[in-house]
Structure formats: C-alpha cells, structure tokens
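S.K.: Below is one structure. I have some questions about it.
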Amino acid sequence: MLRRAGAFAAPRQPSHFMPERNDPDAVLASKWSKWTERESYKRQELVLHLFIHDTDASIALQKPPLITFTEIKFDLPASRDLWLAKSATSWRDLYLKSQPPTAPPPSLMEAMHSPESLVQHTPQIDIQLTTLTLLHGFWGQIHSLLDSKKFYPSHKATHRLCLLTSHTELYRDLVSFSSFISPASHRTILISHLLMMILHAPPEDLQRFAGKSGEDEARKT
C-alpha cells in the first residue's frame with residue numbers, strides 16, 4: 001500500500017513549507033501541519049521503520065528483503081526536536097535556531113555515498129535514525145552478492161573475480177561509512193559489525209557448520 005501510494009518516493013520538502021520569522025499565525029500553523037504530515041511518512045512505523053523491520057527480518061530469516069533501499073528516495077528525516085515540537089511556534093523557533101545550511105539535506109542515497117555530508121546537516125536531521133537506516137541499506141547489496149555467489153559455480157573464473165571485487169568494494173564502503181557514525185548507538189554498532197561479519201561468514205554457512213543440515217553437511221563446510 002505504501003509503495004502504491006508513492007510514500008517511498010516522496011519529493012523533497014518544498015521550500016515554501018519551511019517557516020519564516022514573520023509568518024502570520026495561520027500561515028505558520030498551515031506550514032507546520034503540512035510539514036508534520038510529510039515527515040510522518042518517514043516515521044511512526046511507516047517507511048523507514050518498515051524498511052528497518054523488513055531488513056532485520058531478512059537478515060534473521062536469510063530471505064530476500066521485500067523493500068529495496070534504492071526505492072526510498074525522499075530526503076533525510078528531520079531532527080527529533082523538530083519532530084517532537086509541541087506547537088507551530090516551537091517548531092519555527094527550533095528550525096530557525098538550527099540555522100539550516102544553504103544546500104538542502106541530501107537524500108538517503110546521496111548520504112549513503114557521501115556520509116561526510118551528514119556532518120553539516122547534523123542539527124537538522126535525526127542522525128540516529130538516519131545512520132541506522134543507511135546501515136540497513138547495505139543489506140540489500142550484501143544479500144544480492146551472497147545470492148550471486150550461489151548462482152555462479154567456482155569454475156566460472158570471470159564471474160568469481162567480479163564477485164570478489166564487489167565483495168572487497170562493498171566491505172570497504174561499509175567500513176568507511178561506519179567510521180562516520182557519530183555518535184554511534186549500541187544498535188548501530190551492532191548492525192555495523194553484524195554486516196561486516198556476514199560478508200566474511202554468511203549465516204547459512206555458519207548454520208550448516210553448526211549442524212543444522214546434518215553432520216555430513218557440517219563436515220563439508
């Protein structure tokens with residue numbers, strides 16, 4: 001339903017939704033209402049939380065994710081202070097106090113490939129939710145890589161070389177991104193290390209080694 005409703009690809013917040021110091025009360029209330037409605041699609045168990053939950057389930061069950069990171073095309077979630085503002089006036093004051101930079105916040109995909117861009121936007125975005133979402137965004141590529149390794153037999157040297165290169169680059173990107181996470185919560189640290197581990201020791205191999213498929217299969221691992 002969310003996909004068909006276009007919630008995954010909502011456009012950036014229009015500039016005329018942003019508050020100004022001289023906005024009349026009615027205009028300010030209207031802007032706040034529209035802003036919170038758009039922001040709510042990213043939060044409150046909707047797109048981002050649904051994406052994170054789907055990714056966690058995919059990792060745990062070792063099944064393909066239902067939501068791909070590349071289809072989430074809106075800008076980053078706003079800071080918790082802005083989201084939890086009790087009134088339109090408080091929302092305006094917090095927004096103006098944060099002194100947003102000239103450039104708009106990047107999209108999730110842009111932030112994934114340029115994590116340094118998060119630094120200048122930290123006062124305006126929910127950095128914890130953003131970094132957690134971006135980390136989960138790596139899983140789709142990791143799952144695809146692991147699936148490709150099953151598809152191509154070991155004697156397909158050209159394909160295996162491509163997969164090895166992809167593995168190296170993906171691990172490097174994950175390590176590089178993880179170094180930009182600040183402040184890092186216990187959950188983001190755990191997810192980061194889990195994804196790094198999976199790249200080197202896929203859960204299916206670990207389960208087979210532990211005897212899930214029988215003693216004979218465990219010996220082959």
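So you can find residues: chains in the structure tokens are A, B, ... in the order shown, residues in each start at 1, and ligands are numbered from 1 in order.
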Fewer than 4 positions away in the same chain doesn't count, so skip those; otherwise give me all residues within 12 Å of Leu82 in chain A, counting only C-alpha atoms, as a list in words.
M.R.: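 Here the answer would be Met18, Pro19, Trp32, Trp35, Thr36, Glu39, Ser40, Pro77, Ala78, Lys86, Ser87, Ala88, Thr89, Ser90, Trp91, Arg92, Asp93, Leu94, Tyr95, Leu96, Lys97, Ser98, Pro123, Gln124, Ile125 and Asp126 of chain A.
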S.K.: Can I get the selection written as a short mmCIF file (atom, residue, chain, number, x, y, z; two decimals), in the first residue's frame, with N, CA and C atoms?
M.R.:
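Just written: again-v4.cif:
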```
data_model
loop_
_atom_site.label_atom_id
_atom_site.label_comp_id
_atom_site.auth_asym_id
_atom_site.auth_seq_id
_atom_site.Cartn_x
_atom_site.Cartn_y
_atom_site.Cartn_z
N MET A 18 8.72 25.62 4.72
CA MET A 18 9.61 25.97 5.81
C MET A 18 9.18 27.29 6.47
N PRO A 19 9.27 27.38 7.78
CA PRO A 19 8.78 28.57 8.49
C PRO A 19 9.70 29.77 8.32
N TRP A 32 3.23 24.09 9.47
CA TRP A 32 3.57 23.05 10.44
C TRP A 32 2.76 21.78 10.18
N TRP A 35 4.08 20.10 7.04
CA TRP A 35 5.42 19.55 7.29
C TRP A 35 5.33 18.26 8.11
N THR A 36 4.52 18.28 9.17
CA THR A 36 4.41 17.09 10.02
C THR A 36 3.74 15.93 9.28
N GLU A 39 6.46 14.52 7.09
CA GLU A 39 7.50 13.89 7.91
C GLU A 39 7.01 12.58 8.52
N SER A 40 5.71 12.50 8.80
CA SER A 40 5.16 11.31 9.44
C SER A 40 5.28 10.08 8.55
N PRO A 77 15.28 12.19 7.45
CA PRO A 77 14.31 12.57 8.49
C PRO A 77 14.81 13.74 9.31
N ALA A 78 13.90 14.63 9.66
CA ALA A 78 14.27 15.81 10.44
C ALA A 78 14.65 15.42 11.86
N LYS A 86 6.04 20.91 20.26
CA LYS A 86 4.69 20.89 20.80
C LYS A 86 3.74 21.87 20.12
N SER A 87 4.30 22.83 19.42
CA SER A 87 3.45 23.84 18.78
C SER A 87 4.13 24.36 17.52
N ALA A 88 3.36 25.05 16.71
CA ALA A 88 3.91 25.63 15.49
C ALA A 88 4.99 26.66 15.82
N THR A 89 4.78 27.41 16.88
CA THR A 89 5.77 28.41 17.28
C THR A 89 7.08 27.76 17.71
N SER A 90 6.98 26.71 18.51
CA SER A 90 8.18 25.99 18.94
C SER A 90 8.91 25.39 17.75
N TRP A 91 8.14 24.84 16.83
CA TRP A 91 8.72 24.26 15.62
C TRP A 91 9.48 25.31 14.82
N ARG A 92 8.86 26.49 14.66
CA ARG A 92 9.52 27.58 13.92
C ARG A 92 10.81 28.01 14.61
N ASP A 93 10.74 28.20 15.93
CA ASP A 93 11.91 28.68 16.66
C ASP A 93 13.06 27.67 16.59
N LEU A 94 12.73 26.40 16.71
CA LEU A 94 13.76 25.36 16.63
C LEU A 94 14.37 25.30 15.24
N TYR A 95 13.52 25.44 14.24
CA TYR A 95 14.01 25.38 12.86
C TYR A 95 14.95 26.54 12.56
N LEU A 96 14.55 27.74 12.95
CA LEU A 96 15.37 28.91 12.68
C LEU A 96 16.65 28.91 13.53
N LYS A 97 16.56 28.35 14.73
CA LYS A 97 17.73 28.28 15.61
C LYS A 97 18.79 27.33 15.06
N SER A 98 18.35 26.30 14.36
CA SER A 98 19.30 25.31 13.85
C SER A 98 20.12 25.83 12.68
N PRO A 123 22.48 19.19 12.87
CA PRO A 123 21.44 19.85 13.68
C PRO A 123 20.04 19.73 13.10
N GLN A 124 19.93 19.50 11.79
CA GLN A 124 18.62 19.48 11.13
C GLN A 124 18.04 18.08 10.97
N ILE A 125 18.85 17.04 11.13
CA ILE A 125 18.36 15.69 10.85
C ILE A 125 18.39 14.82 12.10
N ASP A 126 17.63 13.75 12.05
CA ASP A 126 17.66 12.74 13.11
C ASP A 126 18.82 11.81 12.78
#
```
S.K.: Can you list, as a count of residues only, all residues belonging to chain A that DSSP tags as helix (DSSP H, G or I)?
M.R.: 140
S.K.: Residues of range 7-221 of chain A classed as strand (DSSP E or B) by DSSP on the backbone are to be reported as a PyMOL selection string.
M.R.: chain A and resi 75+78+107+125
S.K.: Report as an NGL selection string all protein, DNA and RNA residues lying within 12 Å of Thr68 in chain A, evaluated on only C-alpha atoms, omitting residues in the same chain fewer than 6 positions from it.
M.R.: :A and (3 or 8 or 47-48 or 50-52 or 54-55 or 58 or 109 or 133-134 or 136-144)
S.K.: Can you write out as CSV which residues of range 42-127 of chain A fall within 10 Å of range 174-190 of chain A, alongside each residue's closest atom pair and its distance in Å to one decimal, counting only C-alpha atoms and ordering rows by chain and ascending residue number?
M.R.:
```
residue,atom,partner,partner_atom,distance
A:Ala111,CA,A:Phe177,CA,9.7
A:Met112,CA,A:Phe177,CA,7.7
A:His113,CA,A:Phe177,CA,8.3
A:Ser114,CA,A:Phe177,CA,8.6
A:Pro115,CA,A:Phe177,CA,6.3
A:Glu116,CA,A:Phe180,CA,6.9
A:Ser117,CA,A:Phe180,CA,9.9
A:Leu118,CA,A:Phe180,CA,8.6
A:Val119,CA,A:Phe180,CA,8.7
A:Thr122,CA,A:Ser182,CA,9.9
A:Ile127,CA,A:Pro183,CA,8.3
```
